[in-house]
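K.L.:
I'm passing along run-v5.csv; it holds CSV, C-alpha atoms.
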chain,number,residue,atom,x,y,z
R,29,MET,CA,-11.7,7.5,-103.8
R,30,SER,CA,-13.8,7.1,-106.9
R,31,ASP,CA,-13.3,9.3,-110.0
R,32,LYS,CA,-16.5,11.2,-109.3
R,33,GLU,CA,-15.3,12.3,-105.8
R,34,LYS,CA,-12.0,13.7,-107.0
R,35,PHE,CA,-13.6,16.9,-108.2
R,36,LEU,CA,-15.0,19.6,-105.9
R,37,GLY,CA,-17.6,22.1,-106.8
R,38,GLU,CA,-16.9,25.8,-106.5
R,39,PHE,CA,-18.9,26.2,-103.3
R,40,GLU,CA,-17.3,23.0,-101.8
R,41,GLN,CA,-13.9,24.5,-102.4
R,42,PHE,CA,-14.9,27.8,-100.7
R,43,VAL,CA,-16.2,25.9,-97.7
R,44,LEU,CA,-13.0,23.7,-97.4
R,45,LEU,CA,-10.8,26.8,-97.8
R,46,SER,CA,-12.8,28.7,-95.2
R,47,ILE,CA,-12.3,25.8,-92.7
R,48,LEU,CA,-8.5,25.8,-93.5
R,49,LYS,CA,-8.3,29.6,-93.0
R,50,LEU,CA,-10.3,29.5,-89.7
R,51,GLY,CA,-8.2,26.7,-88.2
R,52,GLU,CA,-9.4,25.8,-84.7
R,53,ASN,CA,-12.3,28.3,-84.9
R,54,ALA,CA,-14.1,26.7,-87.8
R,55,TYR,CA,-17.8,26.3,-87.0
R,56,GLY,CA,-21.1,27.1,-88.9
R,57,SER,CA,-21.3,30.8,-87.9
R,58,THR,CA,-17.7,31.7,-88.6
R,59,ILE,CA,-17.6,29.8,-91.9
R,60,ARG,CA,-20.8,31.6,-93.0
R,61,GLN,CA,-19.4,35.0,-92.1
R,62,LEU,CA,-16.1,34.4,-93.8
R,63,LEU,CA,-17.8,33.3,-97.0
R,64,ALA,CA,-20.0,36.5,-96.8
R,65,ASP,CA,-16.9,38.8,-96.2
R,66,ALA,CA,-14.3,37.1,-98.5
R,67,VAL,CA,-16.3,35.9,-101.5
R,68,GLU,CA,-19.6,37.8,-101.0
R,69,ARG,CA,-21.6,34.5,-100.8
R,70,ASP,CA,-24.3,35.2,-98.2
R,71,VAL,CA,-25.6,31.7,-97.9
R,72,THR,CA,-28.2,30.4,-95.5
R,73,ILE,CA,-27.0,28.4,-92.5
R,74,GLY,CA,-29.1,25.4,-93.8
R,75,ALA,CA,-27.4,25.4,-97.2
R,76,LEU,CA,-24.0,25.6,-95.5
R,77,TYR,CA,-24.7,22.6,-93.2
R,78,THR,CA,-26.0,20.6,-96.1
R,79,THR,CA,-22.7,21.1,-97.9
R,80,LEU,CA,-20.7,20.4,-94.7
R,81,GLU,CA,-22.6,17.2,-94.1
R,82,ARG,CA,-22.0,16.1,-97.7
R,83,LEU,CA,-18.3,16.8,-97.4
R,84,GLU,CA,-18.1,14.9,-94.1
R,85,LYS,CA,-19.8,11.9,-95.7
R,86,LYS,CA,-17.2,12.0,-98.5
R,87,GLY,CA,-14.5,11.9,-95.8
R,88,LEU,CA,-13.1,15.3,-96.7
R,89,LEU,CA,-13.7,16.7,-93.2
R,90,THR,CA,-14.4,15.7,-89.7
R,91,SER,CA,-16.5,17.3,-87.0
R,92,LYS,CA,-16.6,17.4,-83.2
R,93,VAL,CA,-19.1,18.9,-80.7
R,94,GLY,CA,-17.7,21.9,-78.9
R,95,GLU,CA,-18.5,24.1,-75.9
R,96,VAL,CA,-21.8,25.5,-74.9
R,97,THR,CA,-22.0,29.3,-74.6
R,98,PRO,CA,-24.8,31.6,-73.2
R,99,GLU,CA,-25.0,33.7,-76.3
R,100,ARG,CA,-25.9,30.5,-78.2
R,101,GLY,CA,-28.8,29.8,-75.9
R,102,GLY,CA,-26.9,27.0,-74.2
R,103,ARG,CA,-26.4,25.1,-77.5
R,104,ALA,CA,-23.1,23.4,-78.4
R,105,LYS,CA,-21.0,24.4,-81.4
R,106,LYS,CA,-20.0,21.9,-84.1
R,107,TYR,CA,-16.3,22.4,-85.1
R,108,PHE,CA,-15.0,21.2,-88.5
R,109,LYS,CA,-11.6,20.2,-89.5
R,110,LEU,CA,-10.1,19.1,-92.9
R,111,THR,CA,-8.9,15.5,-93.2
R,112,ALA,CA,-5.8,14.6,-95.3
R,113,GLN,CA,-8.2,13.4,-98.0
R,114,GLY,CA,-9.8,16.9,-97.9
R,115,GLN,CA,-6.5,18.7,-98.2
R,116,ASN,CA,-5.6,16.4,-101.2
R,117,ALA,CA,-8.9,17.2,-102.9
R,118,LEU,CA,-8.3,20.9,-102.5
R,119,LYS,CA,-4.8,20.6,-103.9
R,120,ARG,CA,-6.0,18.6,-106.9
R,121,SER,CA,-8.7,21.2,-107.6
R,122,LYS,CA,-6.2,24.1,-107.4
R,123,GLU,CA,-3.8,22.3,-109.7
R,124,ALA,CA,-6.5,21.5,-112.2
R,125,LEU,CA,-7.7,25.2,-112.2
R,126,THR,CA,-4.1,26.5,-112.5
R,127,ASN,CA,-3.5,24.1,-115.4
R,128,MET,CA,-6.6,25.2,-117.2
R,129,TRP,CA,-5.9,28.9,-116.7
R,130,ARG,CA,-2.2,28.7,-117.7
R,131,GLY,CA,-1.4,30.5,-121.0
R,132,LEU,CA,-4.9,32.1,-121.3
R,133,SER,CA,-5.5,35.7,-121.9
R,134,PHE,CA,-8.8,37.6,-122.4
R,135,SER,CA,-9.5,41.2,-123.3
R,136,THR,CA,-11.6,43.7,-121.4
R,137,PRO,CA,-12.7,47.0,-122.9
R,138,ASN,CA,-9.6,48.9,-121.7
R,139,LYS,CA,-6.8,46.3,-121.4
R,140,VAL,CA,-5.6,42.8,-122.2
R,141,CYS,CA,-5.3,40.5,-119.2
R,142,SER,CA,-2.8,37.7,-119.2
R,143,ILE,CA,-2.9,35.0,-116.6
V,7,MET,CA,-32.2,39.7,-76.4
V,8,ASN,CA,-33.5,36.5,-77.9
V,9,PRO,CA,-34.3,35.5,-81.5
V,10,PRO,CA,-38.0,35.5,-82.6
V,11,ARG,CA,-39.5,32.6,-80.6
V,12,LEU,CA,-42.0,31.4,-83.2
V,13,LEU,CA,-39.3,31.2,-86.0
V,14,GLU,CA,-37.0,29.4,-83.6
V,15,LYS,CA,-39.7,26.9,-82.8
V,16,PHE,CA,-40.4,26.4,-86.5
V,17,LEU,CA,-36.7,25.8,-87.2
V,18,HIS,CA,-36.5,23.4,-84.2
V,19,TRP,CA,-39.4,21.5,-85.6
V,20,THR,CA,-38.0,21.1,-89.1
V,21,LEU,CA,-34.3,20.5,-88.4
V,22,PRO,CA,-32.9,16.9,-88.2
V,23,LYS,CA,-32.0,15.9,-84.6
V,24,ASP,CA,-28.2,16.2,-85.0
V,25,LEU,CA,-28.4,19.7,-86.6
V,26,LYS,CA,-30.8,21.3,-84.0
V,27,ASP,CA,-28.0,22.4,-81.6
V,28,PRO,CA,-25.4,23.7,-84.1
V,29,VAL,CA,-27.8,25.5,-86.4
V,30,LEU,CA,-30.0,27.1,-83.8
V,31,GLY,CA,-26.9,28.0,-81.8
V,32,ASP,CA,-25.1,29.6,-84.8
V,33,LEU,CA,-28.2,31.6,-85.7
V,34,ALA,CA,-28.7,32.8,-82.1
V,35,GLU,CA,-25.0,33.8,-81.9
V,36,GLU,CA,-25.1,35.8,-85.1
V,37,TYR,CA,-28.5,37.3,-84.2
V,38,LEU,CA,-27.2,38.6,-80.9
V,39,SER,CA,-24.2,40.3,-82.5
V,40,LEU,CA,-26.4,41.9,-85.2
V,41,ALA,CA,-29.2,42.9,-82.7
V,42,LYS,CA,-26.7,45.0,-80.6
V,43,HIS,CA,-26.4,47.5,-83.5
V,44,THR,CA,-29.6,47.1,-85.6
V,45,PRO,CA,-32.4,45.1,-83.9
V,46,LEU,CA,-34.8,45.5,-86.9
V,47,LYS,CA,-32.2,44.3,-89.4
V,48,ALA,CA,-31.4,41.4,-87.0
V,49,ASN,CA,-35.0,40.3,-87.0
V,50,TYR,CA,-35.3,40.5,-90.8
V,51,TRP,CA,-32.0,38.6,-91.1
V,52,TYR,CA,-33.2,35.9,-88.7
V,53,ALA,CA,-36.6,35.5,-90.4
V,54,ARG,CA,-34.9,35.0,-93.8
V,55,GLN,CA,-32.4,32.5,-92.4
V,56,ALA,CA,-35.0,30.6,-90.4
V,57,LEU,CA,-37.6,30.4,-93.2
V,58,ARG,CA,-35.2,29.4,-95.9
V,59,THR,CA,-33.4,26.9,-93.8
V,60,GLY,CA,-36.7,25.5,-92.3
V,61,LEU,CA,-38.3,25.1,-95.7
V,62,GLN,CA,-35.1,23.4,-97.0
V,63,PHE,CA,-35.3,20.8,-94.3
V,64,LEU,CA,-39.1,20.6,-94.1
V,65,PHE,CA,-39.3,18.3,-97.1
V,66,LYS,CA,-36.5,16.0,-95.8
V,67,THR,CA,-37.6,15.6,-92.2
V,68,LYS,CA,-41.4,16.0,-92.5
V,69,ARG,CA,-42.0,14.3,-95.9
V,70,GLY,CA,-44.4,11.7,-94.4
V,71,LEU,CA,-46.5,14.3,-92.7
V,72,ILE,CA,-46.6,16.5,-95.8
V,73,MET,CA,-47.6,13.6,-98.1
V,74,PHE,CA,-50.3,12.5,-95.5
V,75,LEU,CA,-51.8,16.0,-95.3
V,76,LEU,CA,-51.6,16.4,-99.0
V,77,GLY,CA,-53.5,13.2,-99.4
V,78,ILE,CA,-56.2,14.3,-97.0
V,79,ILE,CA,-56.5,17.7,-98.8
V,80,VAL,CA,-56.9,16.0,-102.2
V,81,PHE,CA,-59.5,13.6,-100.8
V,82,VAL,CA,-61.5,16.4,-99.2
V,83,GLY,CA,-61.1,18.6,-102.3
V,84,MET,CA,-62.3,15.9,-104.7
V,85,THR,CA,-65.2,14.9,-102.5
V,86,LEU,CA,-66.3,18.6,-102.2
V,87,MET,CA,-65.9,19.0,-106.0
V,88,ALA,CA,-68.0,15.9,-106.7
V,89,MET,CA,-70.7,17.3,-104.4
V,90,VAL,CA,-70.7,20.7,-106.0
V,91,MET,CA,-70.8,19.3,-109.5
V,92,SER,CA,-73.7,17.0,-108.7
V,93,GLY,CA,-75.9,20.0,-107.8
V,94,GLU,CA,-76.2,22.1,-104.7
V,95,ILE,CA,-73.8,21.4,-101.8
V,96,MET,CA,-76.4,22.0,-99.2
V,97,MET,CA,-78.3,18.9,-100.2
V,98,PHE,CA,-75.4,16.9,-98.7
V,99,VAL,CA,-75.7,18.8,-95.4
V,100,ASN,CA,-78.0,17.4,-92.7
V,101,VAL,CA,-77.2,18.0,-89.1
V,102,PRO,CA,-79.4,15.3,-87.6
V,103,SER,CA,-77.8,12.7,-89.9
V,104,PHE,CA,-74.3,13.8,-88.7
V,105,LEU,CA,-75.4,13.7,-85.1
V,106,ILE,CA,-76.7,10.1,-85.5
V,107,VAL,CA,-73.3,9.0,-86.8
V,108,VAL,CA,-70.3,10.9,-85.3
V,109,PRO,CA,-71.1,11.5,-81.6
V,110,PRO,CA,-72.1,7.9,-80.8
V,111,ALA,CA,-69.1,6.6,-82.7
V,112,LEU,CA,-66.8,9.0,-80.8
V,113,ILE,CA,-68.2,8.1,-77.4
V,114,LEU,CA,-68.1,4.4,-78.1
V,115,THR,CA,-64.4,4.7,-79.2
V,116,PHE,CA,-63.5,6.7,-76.2
V,117,ALA,CA,-65.3,4.2,-73.9
V,118,SER,CA,-63.4,1.2,-75.4
V,119,SER,CA,-59.9,2.7,-75.4
V,120,GLU,CA,-57.2,4.0,-73.1
V,121,LYS,CA,-56.1,7.6,-73.0
V,122,GLN,CA,-52.5,6.8,-73.8
V,123,SER,CA,-53.5,4.9,-77.0
V,124,ARG,CA,-55.7,7.8,-78.1
V,125,SER,CA,-52.9,10.2,-77.5
V,126,ASN,CA,-50.4,8.0,-79.4
V,127,ALA,CA,-52.8,7.6,-82.3
V,128,PHE,CA,-53.0,11.4,-83.0
V,129,ARG,CA,-49.3,12.0,-82.2
V,130,LEU,CA,-48.3,9.3,-84.7
V,131,LEU,CA,-50.1,11.2,-87.5
V,132,PHE,CA,-48.2,14.5,-87.0
V,133,ARG,CA,-44.9,13.5,-85.4
V,134,GLU,CA,-42.4,11.7,-87.6
V,135,ASN,CA,-39.8,11.0,-84.9
V,136,LEU,CA,-42.1,9.4,-82.4
V,137,HIS,CA,-40.7,6.0,-81.6
V,138,LEU,CA,-43.1,3.4,-80.2
V,139,ASN,CA,-42.9,-0.3,-79.8
V,140,LYS,CA,-45.1,-2.7,-81.8
V,141,ALA,CA,-47.7,-3.2,-79.1
V,142,GLU,CA,-48.2,0.6,-78.7
V,143,LEU,CA,-48.4,1.1,-82.5
V,144,ASN,CA,-51.0,-1.7,-82.8
V,145,SER,CA,-53.0,-0.2,-80.0
V,146,ALA,CA,-52.8,3.3,-81.6
V,147,LYS,CA,-53.9,1.8,-85.0
V,148,HIS,CA,-56.8,0.1,-83.3
V,149,ILE,CA,-58.2,3.5,-82.3
V,150,PHE,CA,-58.7,4.4,-85.9
V,151,THR,CA,-60.1,0.9,-86.8
V,152,THR,CA,-62.6,1.2,-84.0
V,153,PHE,CA,-63.7,4.8,-84.8
V,154,GLY,CA,-64.0,3.9,-88.5
V,155,ASN,CA,-66.0,0.8,-87.9
V,156,MET,CA,-68.2,2.5,-85.3
V,157,ASN,CA,-69.0,5.2,-87.8
V,158,MET,CA,-69.9,2.5,-90.5
V,159,LEU,CA,-72.2,0.7,-88.0
V,160,MET,CA,-73.9,4.0,-87.0
V,161,GLY,CA,-74.2,4.9,-90.7
V,162,TRP,CA,-76.0,1.7,-91.5
V,163,ILE,CA,-78.2,2.0,-88.4
V,164,GLY,CA,-79.1,5.5,-89.6
V,165,VAL,CA,-80.1,4.1,-93.0
V,166,ILE,CA,-82.2,1.4,-91.5
V,167,ILE,CA,-83.9,3.9,-89.2
V,168,GLY,CA,-84.6,6.2,-92.1
V,169,ALA,CA,-85.9,3.3,-94.2
V,170,ILE,CA,-88.3,2.2,-91.5
V,171,ALA,CA,-89.5,5.9,-91.0
V,172,MET,CA,-90.1,6.2,-94.7
V,173,ALA,CA,-91.9,2.9,-95.0
V,174,SER,CA,-94.1,3.8,-92.0
V,175,ASN,CA,-95.0,7.4,-93.0
V,176,ILE,CA,-95.1,7.8,-96.8
V,177,GLU,CA,-98.6,7.4,-98.2
V,178,SER,CA,-99.3,6.0,-101.6
V,179,GLU,CA,-100.8,9.3,-102.9
V,180,VAL,CA,-97.7,11.4,-102.3
V,181,PHE,CA,-95.1,8.6,-102.8
V,182,SER,CA,-93.7,9.9,-106.1
V,183,HIS,CA,-93.1,13.4,-104.6
V,184,THR,CA,-91.7,12.5,-101.2
V,185,PHE,CA,-89.8,9.3,-101.7
V,186,GLY,CA,-86.8,11.0,-103.4
V,187,PRO,CA,-86.0,13.7,-100.8
V,188,ALA,CA,-86.7,11.3,-97.9
V,189,PHE,CA,-84.4,8.6,-99.4
V,190,ALA,CA,-81.6,11.3,-99.9
V,191,VAL,CA,-81.7,12.2,-96.3
V,192,CYS,CA,-81.9,8.6,-95.3
V,193,VAL,CA,-78.6,7.6,-97.0
V,194,LEU,CA,-76.7,10.7,-95.8
V,195,THR,CA,-75.8,8.9,-92.6
V,196,LEU,CA,-74.0,6.3,-94.7
V,197,LEU,CA,-72.2,9.0,-96.8
V,198,TYR,CA,-70.9,10.6,-93.6
V,199,ALA,CA,-69.9,7.2,-92.2
V,200,LEU,CA,-68.0,6.3,-95.5
V,201,LEU,CA,-66.1,9.6,-95.6
V,202,ILE,CA,-64.9,9.2,-92.0
V,203,LYS,CA,-64.1,5.5,-92.6
V,204,ALA,CA,-62.0,6.5,-95.6
V,205,LEU,CA,-60.0,9.1,-93.4
V,206,CYS,CA,-59.6,6.5,-90.6
V,207,TYR,CA,-58.4,4.0,-93.2
V,208,ALA,CA,-55.7,6.4,-94.3
V,209,ALA,CA,-54.6,7.0,-90.7
V,210,GLU,CA,-54.6,3.2,-90.1
V,211,ALA,CA,-52.4,2.6,-93.2
V,212,LYS,CA,-49.9,5.3,-92.1
V,213,ILE,CA,-49.5,3.5,-88.7
V,214,GLN,CA,-49.4,0.1,-90.4
V,215,PHE,CA,-46.4,1.2,-92.5
V,216,LYS,CA,-44.7,2.1,-89.3
V,217,ILE,CA,-45.4,-1.4,-87.9
V,218,ILE,CA,-44.0,-3.0,-91.1
V,219,ASN,CA,-40.9,-0.8,-91.0
V,220,LEU,CA,-40.4,-1.7,-87.3
V,221,ALA,CA,-40.4,-5.4,-88.2
V,222,SER,CA,-38.0,-5.1,-91.1
Kindly transcribe the structure held in the file into structure tokens.
P.N.:
Amino acid sequence: MSDKEKFLGEFEQFVLLSILKLGENAYGSTIRQLLADAVERDVTIGALYTTLERLEKKGLLTSKVGEVTPERGGRAKKYFKLTAQGQNALKRSKEALTNMWRGLSFSTPNKVCSI
Amino acid sequence: MNPPRLLEKFLHWTLPKDLKDPVLGDLAEEYLSLAKHTPLKANYWYARQALRTGLQFLFKTKRGLIMFLLGIIVFVGMTLMAMVMSGEIMMFVNVPSFLIVVPPALILTFASSEKQSRSNAFRLLFRENLHLNKAELNSAKHIFTTFGNMNMLMGWIGVIIGAIAMASNIESEVFSHTFGPAFAVCVLTLLYALLIKALCYAAEAKIQFKIINLAS
């Protein structure tokens, strides 16, 4: 993995975490809904698939074609799963963020927050 | 209850082949669950998703078509601008001159080509993912070559006919008044022929690039 690929963008992290949370049921629609509910990111399905394709090209996740259902108009689902490389990238991003936040405090109008 | 058909078709047209099923299926699934409670909101939601996603992929999957259409629009626009700037646009309009050039060229092209080649020629201009072999591409390209050349020949024939008519009918007393307008109408056939030849050349070039890409 090159140095450039070691760092994930914020949205990439959200997408990878959504896939981890959804487990076996991670496909476009459920990922999109989880992002809208959990982090209030109401993204378009096109933007989501662009990110998913990019992450797949980087080797951070894999995909497989799933079942066809009538409510999807007879179209197959595309399930996503994190690779070991993807999990490592997430761990690295979390550690990097934790390190940067450690020992920081910032004040709000009413109270002082310590992290 | 189904998603709006027109938007679904637009999306199907713009999406890359491998994303058609997952994206359209995901949107249909979410649309159905939304439409059970609020059909109006579901339609608005689908329109927003389809248009934004479609436009996002449009420039990736239909880049060639967009650039081709843009080229044609610029060509037509510049030609019209030049005509308007040189005086009145109606002086470039002459129905008989147009009839001398285009219908004969069209009929001769139809007569000398096969239906499949003509169909391929037009489909190649507007469909990016049409895969044809080299012989079919050459045959389709030949349609535009033939139509363009036929127009040029008819354009020149129109000029010669006009010149003969002028030479036979203009009398020396009125020559200075009538030669100008008569000559203008006479060369209009060539102008129409050149405009069509230029468009045909652009179409030929588009297919030629496909032939080159096929070989490499």
K.L.:
Counting all atoms listed in the file, a student should be able to say which residues of chain R come within 12 Å of chain V; what is the right answer, written as an NGL selection string?
P.N.:
:R and (54-61 or 70-78 or 80-81 or 91-108)
K.L.:
Work out how far apart atom CA of V:Phe150 and atom CA of V:Ile163 are and give it in Å to one decimal.
P.N.:
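For atom CA of V:Phe150 relative to atom CA of V:Ile163, the distance reads 19.8 Å.
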K.L.:
Kindly assemble as a Markdown table a list of the stretch 111-192 of chain V residues that lie within 8 Å of stretch 199-222 of chain V, each paired with its nearest atom pair and their distance in Å to one decimal, using all atoms listed in the file, sorted first by chain and then by ascending residue number.
P.N.:
| residue | atom | partner | partner_atom | distance |
| --- | --- | --- | --- | --- |
| V:Leu130 | CA | V:Ile213 | CA | 7.1 |
| V:Leu131 | CA | V:Ala209 | CA | 6.9 |
| V:Lys140 | CA | V:Ile217 | CA | 6.2 |
| V:Leu143 | CA | V:Ile217 | CA | 6.7 |
| V:Asn144 | CA | V:Ile217 | CA | 7.6 |
| V:Ala146 | CA | V:Ile213 | CA | 7.8 |
| V:Lys147 | CA | V:Glu210 | CA | 5.3 |
| V:His148 | CA | V:Glu210 | CA | 7.8 |
| V:Phe150 | CA | V:Cys206 | CA | 5.2 |
| V:Thr151 | CA | V:Cys206 | CA | 6.8 |
| V:Phe153 | CA | V:Cys206 | CA | 7.3 |
| V:Gly154 | CA | V:Lys203 | CA | 4.4 |
| V:Asn155 | CA | V:Lys203 | CA | 6.9 |
| V:Asn157 | CA | V:Ala199 | CA | 4.9 |
| V:Met158 | CA | V:Ala199 | CA | 5.0 |
| V:Met160 | CA | V:Ala199 | CA | 7.3 |
| V:Gly161 | CA | V:Ala199 | CA | 5.1 |
K.L.:
Find the residues around stretch 174-190 of chain V up to 10 Å (all atoms listed in the file counted), leave out those fewer than 6 positions away in its own chain, and share them as a list of chain:residue names.
P.N.:
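Residues near the query, excluding close chain neighbours: V:Met97, V:Phe98, V:Val165, V:Gly168.
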K.L.:
Just the number, please: distance in Å from atom CA of V:Pro110 to atom CA of V:Leu196, one decimal.
P.N.:
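Computing it gives 14.1 Å between the two atoms.
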K.L.:
To one decimal in Å, tell me the separation between atom CA of V:Met172 and atom CA of V:Val193.
P.N.:
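Spanning atom CA of V:Met172 to atom CA of V:Val193 is a straight-line distance of 11.8 Å.
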K.L.:
So that I can check the surroundings of R:Val43, please list as a ChimeraX atom specification every protein, DNA and RNA residue that reaches within 10 Å of it, counting all atoms listed in the file and ignoring chain neighbours fewer than 2 positions away.
P.N.:
/R:37-41,45-49,59-60,62-63,76,79-80,83
K.L.:
What's the 9 Å shell around stretch 77-86 of chain V, counting all atoms listed in the file, without same-chain residues fewer than 2 positions away, as a ChimeraX atom specification?
P.N.:
/V:72-75,88-91,95,201,205,208
K.L.:
Would you save the residues of that selection, restricted to C-alpha atoms, as a PDB file, in the frame of the given file?
P.N.:
ATOM      1  CA  ILE V  72     -46.600  16.500 -95.800  1.00  0.00           C
ATOM      2  CA  MET V  73     -47.600  13.600 -98.100  1.00  0.00           C
ATOM      3  CA  PHE V  74     -50.300  12.500 -95.500  1.00  0.00           C
ATOM      4  CA  LEU V  75     -51.800  16.000 -95.300  1.00  0.00           C
ATOM      5  CA  ALA V  88     -68.000  15.900-106.700  1.00  0.00           C
ATOM      6  CA  MET V  89     -70.700  17.300-104.400  1.00  0.00           C
ATOM      7  CA  VAL V  90     -70.700  20.700-106.000  1.00  0.00           C
ATOM      8  CA  MET V  91     -70.800  19.300-109.500  1.00  0.00           C
ATOM      9  CA  ILE V  95     -73.800  21.400-101.800  1.00  0.00           C
ATOM     10  CA  LEU V 201     -66.100   9.600 -95.600  1.00  0.00           C
ATOM     11  CA  LEU V 205     -60.000   9.100 -93.400  1.00  0.00           C
ATOM     12  CA  ALA V 208     -55.700   6.400 -94.300  1.00  0.00           C
TER      13      ALA V 208
END
K.L.:
Rank R:Gly114, R:Phe42, R:Asn53, R:Leu88 by their smallest atom-to-atom distance to R:Ala66, using all atoms listed in the file, and report the top residue only.
P.N.:
R:Phe42
K.L.:
Mind listing whatever residues come within 9 Å of the point (-42.2, 15.7, -90.6)? Use only C-alpha atoms, file coordinates, and give them as a list in words.
P.N.:
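These residues have at least one counted atom within 9 Å: Trp19, Thr20, Leu64, Phe65, Lys66, Thr67, Lys68, Arg69, Gly70, Leu71, Ile72, Phe132, Arg133, Glu134 and Asn135 of chain V.
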